[in-house]
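Visitor: To be precise about what I am sending: the file is called target.pdb and holds PDB, C-alpha atoms.
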ATOM      1  CA  THR A 251     147.103 246.011  90.065  1.00  0.00           C
ATOM      2  CA  LEU A 252     147.142 243.933  93.250  1.00  0.00           C
ATOM      3  CA  VAL A 253     150.857 243.178  92.840  1.00  0.00           C
ATOM      4  CA  ASP A 254     151.531 246.880  92.183  1.00  0.00           C
ATOM      5  CA  LYS A 255     149.806 247.964  95.404  1.00  0.00           C
ATOM      6  CA  LEU A 256     151.383 245.133  97.411  1.00  0.00           C
ATOM      7  CA  THR A 257     154.826 246.178  96.158  1.00  0.00           C
ATOM      8  CA  ALA A 258     154.237 249.724  97.401  1.00  0.00           C
ATOM      9  CA  GLU A 259     153.250 248.354 100.828  1.00  0.00           C
ATOM     10  CA  VAL A 260     156.321 246.094 100.989  1.00  0.00           C
ATOM     11  CA  ARG A 261     158.625 248.941  99.939  1.00  0.00           C
ATOM     12  CA  ARG A 262     157.276 251.078 102.783  1.00  0.00           C
ATOM     13  CA  ALA A 263     158.430 248.281 105.097  1.00  0.00           C
ATOM     14  CA  GLY A 264     161.934 248.713 103.687  1.00  0.00           C
ATOM     15  CA  GLU A 265     162.145 245.441 101.743  1.00  0.00           C
ATOM     16  CA  ARG A 266     163.530 245.084  98.226  1.00  0.00           C
ATOM     17  CA  VAL A 267     161.148 243.433  95.775  1.00  0.00           C
ATOM     18  CA  GLY A 268     161.577 241.349  92.643  1.00  0.00           C
ATOM     19  CA  ILE A 269     158.571 240.715  90.408  1.00  0.00           C
ATOM     20  CA  LEU A 270     158.311 237.900  87.865  1.00  0.00           C
ATOM     21  CA  ALA A 271     155.278 238.460  85.646  1.00  0.00           C
ATOM     22  CA  VAL A 272     154.619 235.302  83.630  1.00  0.00           C
ATOM     23  CA  ALA A 273     152.435 235.844  80.579  1.00  0.00           C
ATOM     24  CA  PRO A 274     151.161 233.825  77.621  1.00  0.00           C
ATOM     25  CA  PRO A 275     153.554 234.021  74.656  1.00  0.00           C
ATOM     26  CA  SER A 276     152.961 236.383  71.780  1.00  0.00           C
ATOM     27  CA  PRO A 277     151.634 234.425  68.769  1.00  0.00           C
ATOM     28  CA  PHE A 278     153.949 236.478  66.528  1.00  0.00           C
ATOM     29  CA  ALA A 279     157.281 236.969  68.325  1.00  0.00           C
ATOM     30  CA  GLY A 280     156.978 234.270  70.998  1.00  0.00           C
ATOM     31  CA  GLY A 281     157.855 236.689  73.787  1.00  0.00           C
ATOM     32  CA  ALA A 282     155.762 237.908  76.692  1.00  0.00           C
ATOM     33  CA  ILE A 283     153.022 240.473  76.181  1.00  0.00           C
ATOM     34  CA  LEU A 284     153.854 243.182  78.700  1.00  0.00           C
ATOM     35  CA  GLY A 285     150.306 243.883  79.898  1.00  0.00           C
ATOM     36  CA  ASP A 286     151.222 243.092  83.512  1.00  0.00           C
ATOM     37  CA  ARG A 287     154.137 245.513  83.507  1.00  0.00           C
ATOM     38  CA  VAL A 288     151.993 248.334  82.119  1.00  0.00           C
ATOM     39  CA  ARG A 289     149.962 248.256  85.331  1.00  0.00           C
ATOM     40  CA  MET A 290     153.133 248.521  87.445  1.00  0.00           C
ATOM     41  CA  GLN A 291     154.509 251.738  85.937  1.00  0.00           C
ATOM     42  CA  THR A 292     154.884 253.435  89.331  1.00  0.00           C
ATOM     43  CA  HIS A 293     157.595 250.890  90.202  1.00  0.00           C
ATOM     44  CA  TYR A 294     159.183 250.496  86.776  1.00  0.00           C
ATOM     45  CA  GLU A 295     162.236 252.616  87.673  1.00  0.00           C
ATOM     46  CA  ALA A 296     161.831 252.630  91.451  1.00  0.00           C
ATOM     47  CA  PRO A 297     164.968 251.791  93.458  1.00  0.00           C
ATOM     48  CA  GLY A 298     164.744 248.439  95.167  1.00  0.00           C
ATOM     49  CA  VAL A 299     162.245 247.018  92.641  1.00  0.00           C
ATOM     50  CA  PHE A 300     163.066 244.860  89.625  1.00  0.00           C
ATOM     51  CA  ILE A 301     160.342 243.659  87.248  1.00  0.00           C
ATOM     52  CA  ARG A 302     160.921 240.882  84.717  1.00  0.00           C
ATOM     53  CA  SER A 303     158.304 239.672  82.264  1.00  0.00           C
ATOM     54  CA  MET A 304     158.663 236.198  80.794  1.00  0.00           C
ATOM     55  CA  ALA A 305     156.626 234.072  78.406  1.00  0.00           C
ATOM     56  CA  THR A 306     155.522 230.537  79.201  1.00  0.00           C
ATOM     57  CA  ARG A 307     156.635 229.422  75.702  1.00  0.00           C
ATOM     58  CA  GLY A 308     154.322 226.432  75.834  1.00  0.00           C
ATOM     59  CA  GLN A 309     155.226 225.375  79.375  1.00  0.00           C
ATOM     60  CA  LEU A 310     152.173 224.165  81.298  1.00  0.00           C
ATOM     61  CA  GLY A 311     151.394 224.820  84.947  1.00  0.00           C
ATOM     62  CA  GLY A 312     151.118 228.615  84.753  1.00  0.00           C
ATOM     63  CA  LEU A 313     154.898 229.245  84.833  1.00  0.00           C
ATOM     64  CA  ALA A 314     157.795 229.478  82.404  1.00  0.00           C
ATOM     65  CA  ARG A 315     160.535 226.850  82.608  1.00  0.00           C
ATOM     66  CA  ALA A 316     163.025 229.503  83.755  1.00  0.00           C
ATOM     67  CA  THR A 317     160.790 231.023  86.439  1.00  0.00           C
ATOM     68  CA  SER A 318     162.372 229.100  89.314  1.00  0.00           C
ATOM     69  CA  ASP A 319     165.896 229.995  88.185  1.00  0.00           C
ATOM     70  CA  ALA A 320     164.943 233.666  87.780  1.00  0.00           C
ATOM     71  CA  ALA A 321     163.525 233.706  91.321  1.00  0.00           C
ATOM     72  CA  LEU A 322     166.788 232.286  92.669  1.00  0.00           C
ATOM     73  CA  VAL A 323     168.784 234.956  90.818  1.00  0.00           C
ATOM     74  CA  MET A 324     166.584 237.709  92.266  1.00  0.00           C
ATOM     75  CA  ALA A 325     166.975 236.319  95.785  1.00  0.00           C
ATOM     76  CA  ALA A 326     170.745 236.120  95.313  1.00  0.00           C
ATOM     77  CA  ALA A 327     170.707 239.736  94.115  1.00  0.00           C
ATOM     78  CA  GLY A 328     169.305 240.840  97.469  1.00  0.00           C
ATOM     79  CA  LYS A 329     165.564 240.901  96.857  1.00  0.00           C
ATOM     80  CA  SER A 330     164.005 239.977 100.210  1.00  0.00           C
ATOM     81  CA  LEU A 331     160.642 239.326  98.571  1.00  0.00           C
ATOM     82  CA  VAL A 332     160.129 237.826  95.108  1.00  0.00           C
ATOM     83  CA  VAL A 333     156.577 237.986  93.764  1.00  0.00           C
ATOM     84  CA  ILE A 334     155.707 235.492  91.030  1.00  0.00           C
ATOM     85  CA  GLU A 335     152.550 236.328  89.116  1.00  0.00           C
ATOM     86  CA  PRO A 336     151.706 233.229  87.050  1.00  0.00           C
ATOM     87  CA  VAL A 337     149.402 232.953  84.094  1.00  0.00           C
ATOM     88  CA  GLY A 338     145.840 232.664  85.373  1.00  0.00           C
ATOM     89  CA  VAL A 339     145.806 229.068  86.526  1.00  0.00           C
ATOM     90  CA  GLY A 340     143.100 226.453  86.285  1.00  0.00           C
ATOM     91  CA  GLN A 341     142.213 223.503  88.449  1.00  0.00           C
ATOM     92  CA  ASP A 342     145.343 221.484  87.686  1.00  0.00           C
ATOM     93  CA  GLU A 343     147.840 224.159  86.621  1.00  0.00           C
ATOM     94  CA  VAL A 344     149.355 224.573  90.059  1.00  0.00           C
ATOM     95  CA  ASP A 345     153.128 224.384  89.555  1.00  0.00           C
ATOM     96  CA  ILE A 346     153.419 227.623  91.536  1.00  0.00           C
ATOM     97  CA  VAL A 347     153.042 225.645  94.777  1.00  0.00           C
ATOM     98  CA  ARG A 348     156.256 223.764  93.930  1.00  0.00           C
ATOM     99  CA  THR A 349     158.120 227.018  93.302  1.00  0.00           C
ATOM    100  CA  ALA A 350     156.982 229.581  95.865  1.00  0.00           C
ATOM    101  CA  ASP A 351     157.200 229.693  99.663  1.00  0.00           C
ATOM    102  CA  ILE A 352     153.708 231.207  99.841  1.00  0.00           C
ATOM    103  CA  SER A 353     150.845 230.585  97.420  1.00  0.00           C
ATOM    104  CA  ILE A 354     148.137 233.252  97.286  1.00  0.00           C
ATOM    105  CA  VAL A 355     144.956 232.464  95.380  1.00  0.00           C
ATOM    106  CA  VAL A 356     143.205 235.605  94.120  1.00  0.00           C
ATOM    107  CA  LEU A 357     139.502 235.332  93.356  1.00  0.00           C
ATOM    108  CA  VAL A 358     137.205 237.958  91.844  1.00  0.00           C
ATOM    109  CA  PRO A 359     133.412 238.034  92.292  1.00  0.00           C
ATOM    110  CA  GLY A 360     131.179 238.147  89.258  1.00  0.00           C
ATOM    111  CA  THR A 361     133.545 236.381  86.845  1.00  0.00           C
ATOM    112  CA  GLY A 362     132.742 232.746  87.568  1.00  0.00           C
ATOM    113  CA  ASP A 363     135.374 232.516  90.301  1.00  0.00           C
ATOM    114  CA  ASP A 364     132.649 231.497  92.732  1.00  0.00           C
ATOM    115  CA  VAL A 365     132.516 228.223  90.794  1.00  0.00           C
ATOM    116  CA  GLN A 366     136.322 228.075  90.766  1.00  0.00           C
ATOM    117  CA  ALA A 367     136.228 228.368  94.556  1.00  0.00           C
ATOM    118  CA  LEU A 368     134.606 224.945  94.725  1.00  0.00           C
ATOM    119  CA  LYS A 369     137.290 223.218  92.654  1.00  0.00           C
ATOM    120  CA  ALA A 370     139.721 221.038  94.533  1.00  0.00           C
ATOM    121  CA  GLY A 371     143.034 221.649  92.747  1.00  0.00           C
ATOM    122  CA  ILE A 372     143.235 225.415  92.916  1.00  0.00           C
ATOM    123  CA  MET A 373     141.841 225.488  96.453  1.00  0.00           C
ATOM    124  CA  GLU A 374     144.339 223.023  97.877  1.00  0.00           C
ATOM    125  CA  ILE A 375     147.389 225.141  97.033  1.00  0.00           C
ATOM    126  CA  ALA A 376     146.363 228.332  98.836  1.00  0.00           C
ATOM    127  CA  ASP A 377     148.153 229.558 101.937  1.00  0.00           C
ATOM    128  CA  ILE A 378     146.210 232.829 101.732  1.00  0.00           C
ATOM    129  CA  TYR A 379     142.978 233.619  99.889  1.00  0.00           C
ATOM    130  CA  VAL A 380     142.310 237.069  98.472  1.00  0.00           C
ATOM    131  CA  VAL A 381     138.899 238.198  97.277  1.00  0.00           C
ATOM    132  CA  ASN A 382     139.834 241.193  95.147  1.00  0.00           C
ATOM    133  CA  LYS A 383     137.421 243.839  93.818  1.00  0.00           C
ATOM    134  CA  SER A 384     135.536 243.329  97.054  1.00  0.00           C
ATOM    135  CA  ASP A 385     133.382 246.383  96.316  1.00  0.00           C
ATOM    136  CA  ARG A 386     131.562 244.301  93.697  1.00  0.00           C
ATOM    137  CA  GLU A 387     128.290 242.558  94.342  1.00  0.00           C
ATOM    138  CA  GLY A 388     128.843 238.948  95.354  1.00  0.00           C
ATOM    139  CA  ALA A 389     132.108 239.496  97.246  1.00  0.00           C
ATOM    140  CA  ASP A 390     130.615 238.493 100.599  1.00  0.00           C
ATOM    141  CA  ARG A 391     128.996 235.455  98.988  1.00  0.00           C
ATOM    142  CA  MET A 392     132.380 234.414  97.620  1.00  0.00           C
ATOM    143  CA  VAL A 393     133.993 234.770 101.046  1.00  0.00           C
ATOM    144  CA  THR A 394     131.242 232.555 102.452  1.00  0.00           C
ATOM    145  CA  SER A 395     131.859 229.950  99.711  1.00  0.00           C
ATOM    146  CA  VAL A 396     135.584 229.816 100.439  1.00  0.00           C
ATOM    147  CA  GLU A 397     134.927 229.668 104.180  1.00  0.00           C
ATOM    148  CA  ALA A 398     132.502 226.786 103.647  1.00  0.00           C
ATOM    149  CA  ASN A 399     135.149 224.961 101.614  1.00  0.00           C
ATOM    150  CA  LEU A 400     137.705 225.468 104.376  1.00  0.00           C
ATOM    151  CA  SER A 401     135.268 224.183 106.986  1.00  0.00           C
ATOM    152  CA  LEU A 402     135.274 220.812 105.224  1.00  0.00           C
ATOM    153  CA  GLN A 403     139.042 220.484 105.707  1.00  0.00           C
ATOM    154  CA  HIS A 404     140.707 219.332 108.906  1.00  0.00           C
ATOM    155  CA  PHE A 405     143.316 221.627 110.439  1.00  0.00           C
ATOM    156  CA  GLY A 406     145.280 220.162 113.298  1.00  0.00           C
ATOM    157  CA  GLU A 407     146.351 222.032 116.397  1.00  0.00           C
ATOM    158  CA  GLY A 408     148.946 224.634 115.463  1.00  0.00           C
ATOM    159  CA  GLU A 409     148.382 224.065 111.741  1.00  0.00           C
ATOM    160  CA  TRP A 410     148.037 227.117 109.510  1.00  0.00           C
ATOM    161  CA  ARG A 411     144.474 227.846 108.441  1.00  0.00           C
ATOM    162  CA  PRO A 412     144.440 230.021 105.305  1.00  0.00           C
ATOM    163  CA  PRO A 413     142.916 233.430 106.034  1.00  0.00           C
ATOM    164  CA  ILE A 414     140.562 235.151 103.581  1.00  0.00           C
ATOM    165  CA  ILE A 415     141.522 238.762 102.857  1.00  0.00           C
ATOM    166  CA  LYS A 416     139.138 241.138 101.108  1.00  0.00           C
ATOM    167  CA  THR A 417     140.907 243.731  98.951  1.00  0.00           C
ATOM    168  CA  GLU A 418     140.053 246.507  96.550  1.00  0.00           C
ATOM    169  CA  ALA A 419     143.415 246.877  94.843  1.00  0.00           C
ATOM    170  CA  SER A 420     142.584 249.922  92.723  1.00  0.00           C
ATOM    171  CA  ALA A 421     141.820 251.874  95.914  1.00  0.00           C
ATOM    172  CA  GLY A 422     144.517 250.222  98.039  1.00  0.00           C
ATOM    173  CA  ARG A 423     142.008 248.759 100.498  1.00  0.00           C
ATOM    174  CA  GLY A 424     142.981 245.539 102.250  1.00  0.00           C
ATOM    175  CA  ILE A 425     146.614 245.660 101.067  1.00  0.00           C
ATOM    176  CA  PRO A 426     148.093 246.263 104.574  1.00  0.00           C
ATOM    177  CA  GLU A 427     146.037 243.302 105.845  1.00  0.00           C
ATOM    178  CA  LEU A 428     147.378 241.130 103.009  1.00  0.00           C
ATOM    179  CA  TRP A 429     150.980 242.080 103.805  1.00  0.00           C
ATOM    180  CA  GLN A 430     150.314 241.352 107.479  1.00  0.00           C
ATOM    181  CA  ALA A 431     148.960 237.887 106.543  1.00  0.00           C
ATOM    182  CA  ILE A 432     152.077 237.207 104.436  1.00  0.00           C
ATOM    183  CA  ARG A 433     154.353 238.122 107.335  1.00  0.00           C
ATOM    184  CA  ALA A 434     152.276 236.008 109.716  1.00  0.00           C
ATOM    185  CA  TYR A 435     152.609 232.998 107.406  1.00  0.00           C
ATOM    186  CA  ARG A 436     156.367 233.569 107.121  1.00  0.00           C
ATOM    187  CA  ALA A 437     156.692 233.506 110.907  1.00  0.00           C
ATOM    188  CA  HIS A 438     154.395 230.496 111.284  1.00  0.00           C
ATOM    189  CA  THR A 439     156.309 228.360 108.764  1.00  0.00           C
ATOM    190  CA  ALA A 440     159.843 229.448 109.683  1.00  0.00           C
ATOM    191  CA  ALA A 441     160.575 226.115 111.357  1.00  0.00           C
ATOM    192  CA  SER A 442     159.388 224.030 108.385  1.00  0.00           C
ATOM    193  CA  ARG A 443     160.980 226.167 105.665  1.00  0.00           C
ATOM    194  CA  GLY A 444     163.883 223.754 105.248  1.00  0.00           C
ATOM    195  CA  ARG A 445     161.529 220.821 104.633  1.00  0.00           C
ATOM    196  CA  ARG A 446     159.553 222.767 102.029  1.00  0.00           C
ATOM    197  CA  LEU A 447     162.779 223.858 100.342  1.00  0.00           C
ATOM    198  CA  LYS A 448     163.918 220.235 100.124  1.00  0.00           C
ATOM    199  CA  ALA A 449     160.597 219.213  98.520  1.00  0.00           C
ATOM    200  CA  ARG A 450     160.851 222.038  95.970  1.00  0.00           C
ATOM    201  CA  ASN A 451     164.421 221.143  95.085  1.00  0.00           C
ATOM    202  CA  GLN A 452     163.421 217.503  94.663  1.00  0.00           C
ATOM    203  CA  PHE A 453     160.688 218.511  92.211  1.00  0.00           C
ATOM    204  CA  ARG A 454     163.074 220.864  90.392  1.00  0.00           C
ATOM    205  CA  LEU A 455     165.736 218.157  90.046  1.00  0.00           C
ATOM    206  CA  ARG A 456     163.194 215.646  88.695  1.00  0.00           C
ATOM    207  CA  ASP A 457     161.864 218.243  86.247  1.00  0.00           C
ATOM    208  CA  LEU A 458     165.367 219.079  84.984  1.00  0.00           C
ATOM    209  CA  LEU A 459     166.305 215.409  84.651  1.00  0.00           C
ATOM    210  CA  THR A 460     163.146 214.743  82.622  1.00  0.00           C
ATOM    211  CA  HIS A 461     163.805 217.735  80.380  1.00  0.00           C
ATOM    212  CA  ARG A 462     167.489 216.892  79.856  1.00  0.00           C
ATOM    213  CA  TYR A 463     166.757 213.227  79.194  1.00  0.00           C
ATOM    214  CA  LEU A 464     164.154 214.097  76.557  1.00  0.00           C
ATOM    215  CA  GLU A 465     166.649 216.465  74.926  1.00  0.00           C
ATOM    216  CA  PHE A 466     169.213 213.654  74.892  1.00  0.00           C
ATOM    217  CA  ILE A 467     166.723 211.254  73.292  1.00  0.00           C
ATOM    218  CA  GLU A 468     165.632 213.758  70.657  1.00  0.00           C
ATOM    219  CA  HIS A 469     169.086 215.025  69.730  1.00  0.00           C
ATOM    220  CA  SER A 470     171.396 212.049  70.322  1.00  0.00           C
ATOM    221  CA  LEU A 471     169.322 208.927  69.695  1.00  0.00           C
ATOM    222  CA  LEU A 472     166.757 210.102  67.180  1.00  0.00           C
ATOM    223  CA  THR A 473     166.529 212.382  64.209  1.00  0.00           C
ATOM    224  CA  PRO A 474     163.273 214.264  63.550  1.00  0.00           C
ATOM    225  CA  GLU A 475     162.606 211.827  60.700  1.00  0.00           C
ATOM    226  CA  SER A 476     163.124 208.711  62.831  1.00  0.00           C
ATOM    227  CA  PHE A 477     160.962 210.118  65.618  1.00  0.00           C
ATOM    228  CA  ASP A 478     158.159 210.837  63.145  1.00  0.00           C
ATOM    229  CA  ALA A 479     158.538 207.326  61.724  1.00  0.00           C
ATOM    230  CA  LEU A 480     158.287 205.854  65.223  1.00  0.00           C
ATOM    231  CA  VAL A 481     155.106 207.841  65.911  1.00  0.00           C
ATOM    232  CA  ASP A 482     153.664 206.762  62.544  1.00  0.00           C
ATOM    233  CA  ARG A 483     154.238 203.087  63.400  1.00  0.00           C
ATOM    234  CA  ILE A 484     152.460 203.520  66.702  1.00  0.00           C
ATOM    235  CA  ALA A 485     149.571 205.332  64.992  1.00  0.00           C
ATOM    236  CA  ALA A 486     149.338 202.495  62.447  1.00  0.00           C
ATOM    237  CA  ARG A 487     149.103 199.939  65.298  1.00  0.00           C
ATOM    238  CA  GLU A 488     152.425 198.420  64.242  1.00  0.00           C
ATOM    239  CA  GLY A 489     153.790 199.135  67.686  1.00  0.00           C
ATOM    240  CA  ASP A 490     152.809 200.656  71.008  1.00  0.00           C
ATOM    241  CA  PRO A 491     154.201 203.605  72.995  1.00  0.00           C
ATOM    242  CA  TYR A 492     155.223 201.418  75.958  1.00  0.00           C
ATOM    243  CA  SER A 493     157.446 199.176  73.835  1.00  0.00           C
ATOM    244  CA  ALA A 494     158.848 202.199  71.999  1.00  0.00           C
ATOM    245  CA  ALA A 495     159.705 203.899  75.292  1.00  0.00           C
ATOM    246  CA  GLU A 496     161.376 200.721  76.618  1.00  0.00           C
ATOM    247  CA  ASP A 497     163.401 200.413  73.423  1.00  0.00           C
ATOM    248  CA  LEU A 498     164.566 204.034  73.655  1.00  0.00           C
ATOM    249  CA  LEU A 499     165.467 203.580  77.309  1.00  0.00           C
ATOM    250  CA  SER A 500     167.515 200.466  76.521  1.00  0.00           C
ATOM    251  CA  ARG A 501     169.309 202.237  73.690  1.00  0.00           C
ATOM    252  CA  SER A 502     170.070 205.250  75.874  1.00  0.00           C
ATOM    253  CA  LEU A 503     171.570 203.054  78.618  1.00  0.00           C
ATOM    254  CA  LYS A 504     173.891 201.432  76.075  1.00  0.00           C
ATOM    255  CA  ARG A 505     175.208 204.872  75.213  1.00  0.00           C
TER     256      ARG A 505
END
Take the structure in the file and write it out as structure tokens.
Guide:
Amino acid sequence: TLVDKLTAEVRRAGERVGILAVAPPSPFAGGAILGDRVRMQTHYEAPGVFIRSMATRGQLGGLARATSDAALVMAAAGKSLVVIEPVGVGQDEVDIVRTADISIVVLVPGTGDDVQALKAGIMEIADIYVVNKSDREGADRMVTSVEANLSLQHFGEGEWRPPIIKTEASAGRGIPELWQAIRAYRAHTAASRGRRLKARNQFRLRDLLTHRYLEFIEHSLLTPESFDALVDRIAAREGDPYSAAEDLLSRSLKR
């Protein structure tokens, strides 16, 4: 709902929007359950908006493996803003920060998010905090908790301090303020965008190399039977994973 209302606000500003809604995979077909898209029906066929649902397919971190590539395709297709809505992330599932220019952490009062607000991992990735459903009891208390957490961090002169935006998405309240905060962050980080892009590309290259190397090991050096046999030997204390990994690395280099 928040993404739906934000998209309407961005469209009024004349920007074209791409939306990547990442969802847990269906236990039957393996694809994405389209619950996120159902709540964006007003933009489903709107000009200038493209919505793509994708399943994580077992990928950790709140994203699908192809999310980064899909975002690049949308940007190349002329979308000036690409919104990535990850699976609800936990304390350490924060791959979104390595993919997006801006990370927005959305918290909701009355659902245990006040405890989440005290966790380090999810709090360290936020460029903007949103307390949604701010009409609920406990919203002001949550804002105070996040503010207290921020007060423990050191922000140097000229360094961006994440704002806290209160929204009520179903009624559209706070959405213009959120869009204003996004634009302010864009302007503030314009000079460092190249450095952040380099860091993201470095992570992406390492991730692809790891994935491709594992595929090479599994398909070129080992058969499913030999891999299972190797794991069985380790489980039986006839070997250890470090020696097995070194052996596989040596064999791969000889190829």
Visitor: In terms of the shortest atom-to-atom distance over all atoms listed in the file, which of A:Arg462, A:Arg261, A:Lys383, A:Arg483 is closest to Ala421 of chain A?
Guide: A:Lys383
Visitor: From the set A:Arg386, A:Arg302, A:Arg262, A:Arg446, which residue has the shortest atom-to-atom contact distance to Val333 of chain A, counting only C-alpha atoms?
Guide: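 Distance minimum relative to Val333 of chain A lands on A:Arg302.
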Visitor: Using the chain letters and numbers from the file, give me the residues hit by the PyMOL selection byres ((chain A and resi 392) around 10), as an NGL selection string.
Guide: :A and (357-360 or 363-365 or 367 or 381 or 384 or 387-391 or 393-398)
Visitor: Mind writing the picked residues with C-alpha atoms as a PDB file, keeping the file's coordinate frame?
Guide:
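Final output, saved to out_5.pdb:
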ATOM      1  CA  LEU A 357     139.502 235.332  93.356  1.00  0.00           C
ATOM      2  CA  VAL A 358     137.205 237.958  91.844  1.00  0.00           C
ATOM      3  CA  PRO A 359     133.412 238.034  92.292  1.00  0.00           C
ATOM      4  CA  GLY A 360     131.179 238.147  89.258  1.00  0.00           C
ATOM      5  CA  ASP A 363     135.374 232.516  90.301  1.00  0.00           C
ATOM      6  CA  ASP A 364     132.649 231.497  92.732  1.00  0.00           C
ATOM      7  CA  VAL A 365     132.516 228.223  90.794  1.00  0.00           C
ATOM      8  CA  ALA A 367     136.228 228.368  94.556  1.00  0.00           C
ATOM      9  CA  VAL A 381     138.899 238.198  97.277  1.00  0.00           C
ATOM     10  CA  SER A 384     135.536 243.329  97.054  1.00  0.00           C
ATOM     11  CA  GLU A 387     128.290 242.558  94.342  1.00  0.00           C
ATOM     12  CA  GLY A 388     128.843 238.948  95.354  1.00  0.00           C
ATOM     13  CA  ALA A 389     132.108 239.496  97.246  1.00  0.00           C
ATOM     14  CA  ASP A 390     130.615 238.493 100.599  1.00  0.00           C
ATOM     15  CA  ARG A 391     128.996 235.455  98.988  1.00  0.00           C
ATOM     16  CA  VAL A 393     133.993 234.770 101.046  1.00  0.00           C
ATOM     17  CA  THR A 394     131.242 232.555 102.452  1.00  0.00           C
ATOM     18  CA  SER A 395     131.859 229.950  99.711  1.00  0.00           C
ATOM     19  CA  VAL A 396     135.584 229.816 100.439  1.00  0.00           C
ATOM     20  CA  GLU A 397     134.927 229.668 104.180  1.00  0.00           C
ATOM     21  CA  ALA A 398     132.502 226.786 103.647  1.00  0.00           C
TER      22      ALA A 398
END
Visitor: Please evaluate the PyMOL selection byres ((chain A and resi 376) around 7) against the displayed coordinates and give the resulting residues as number ranges by chain.
Guide: A: 353-355, 373-375, 377-379, 412
Visitor: Just the selected residues (C-alpha atoms), exported as an mmCIF file, in the frame of the given file, please.
Guide:
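See out28.cif below for the written result:
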data_model
loop_
_atom_site.group_PDB
_atom_site.id
_atom_site.type_symbol
_atom_site.label_atom_id
_atom_site.label_comp_id
_atom_site.auth_asym_id
_atom_site.auth_seq_id
_atom_site.Cartn_x
_atom_site.Cartn_y
_atom_site.Cartn_z
ATOM 1 C CA SER A 353 150.845 230.585 97.420
ATOM 2 C CA ILE A 354 148.137 233.252 97.286
ATOM 3 C CA VAL A 355 144.956 232.464 95.380
ATOM 4 C CA MET A 373 141.841 225.488 96.453
ATOM 5 C CA GLU A 374 144.339 223.023 97.877
ATOM 6 C CA ILE A 375 147.389 225.141 97.033
ATOM 7 C CA ASP A 377 148.153 229.558 101.937
ATOM 8 C CA ILE A 378 146.210 232.829 101.732
ATOM 9 C CA TYR A 379 142.978 233.619 99.889
ATOM 10 C CA PRO A 412 144.440 230.021 105.305
#
Visitor: May I ask which of the residues A:Ala326, A:Ala321, A:Met290, A:Ile269 is the closest one to Ser420 of chain A, counting all atoms listed in the file?
Guide: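 Closest to Ser420 of chain A of all the choices is A:Met290.
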Visitor: To one decimal place in Å, what is the distance between atom CA of Val380 of chain A and atom CA of Gly424 of chain A?
Guide: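 About the pair atom CA of Val380 of chain A and atom CA of Gly424 of chain A: they are 9.3 Å apart.
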Visitor: Taking only C-alpha atoms into account, name the residue in A:Ala419, A:Leu458, A:Val332, A:Ala350 that is nearest to Arg315 of chain A.
Guide: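 Among A:Ala419, A:Leu458, A:Val332, A:Ala350, it is A:Leu458 that comes nearest to Arg315 of chain A.
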Visitor: Report, in Å to a single decimal, how far apart atom CA of Thr349 of chain A and atom CA of Arg445 of chain A are.
Guide: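 Computing the Euclidean distance for atom CA of Arg445 of chain A and atom CA of Thr349 of chain A yields 13.4 Å.
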Visitor: Please compute the atom CA of Leu480 of chain A-atom CA of Ala495 of chain A distance, one decimal, in Å.
Guide: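 Answer for the atom CA of Leu480 of chain A to atom CA of Ala495 of chain A separation: 10.4 Å.
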Visitor: Up to 9 Å from (147.8, 239.6, 101.0) in the file's coordinates: name the residues, counting all atoms listed in the file, as a PyMOL selection string.
Guide: chain A and resi 252+256+354+378-380+414-417+424-432
Visitor: Since we have the selection now, will you write its residues out, keeping C-alpha atoms, as a CSV table (one decimal), keeping the file's coordinate frame?
Guide:
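File produced: part_11.csv:
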chain,number,residue,atom,x,y,z
A,252,LEU,CA,147.1,243.9,93.2
A,256,LEU,CA,151.4,245.1,97.4
A,354,ILE,CA,148.1,233.3,97.3
A,378,ILE,CA,146.2,232.8,101.7
A,379,TYR,CA,143.0,233.6,99.9
A,380,VAL,CA,142.3,237.1,98.5
A,414,ILE,CA,140.6,235.2,103.6
A,415,ILE,CA,141.5,238.8,102.9
A,416,LYS,CA,139.1,241.1,101.1
A,417,THR,CA,140.9,243.7,99.0
A,424,GLY,CA,143.0,245.5,102.2
A,425,ILE,CA,146.6,245.7,101.1
A,426,PRO,CA,148.1,246.3,104.6
A,427,GLU,CA,146.0,243.3,105.8
A,428,LEU,CA,147.4,241.1,103.0
A,429,TRP,CA,151.0,242.1,103.8
A,430,GLN,CA,150.3,241.4,107.5
A,431,ALA,CA,149.0,237.9,106.5
A,432,ILE,CA,152.1,237.2,104.4
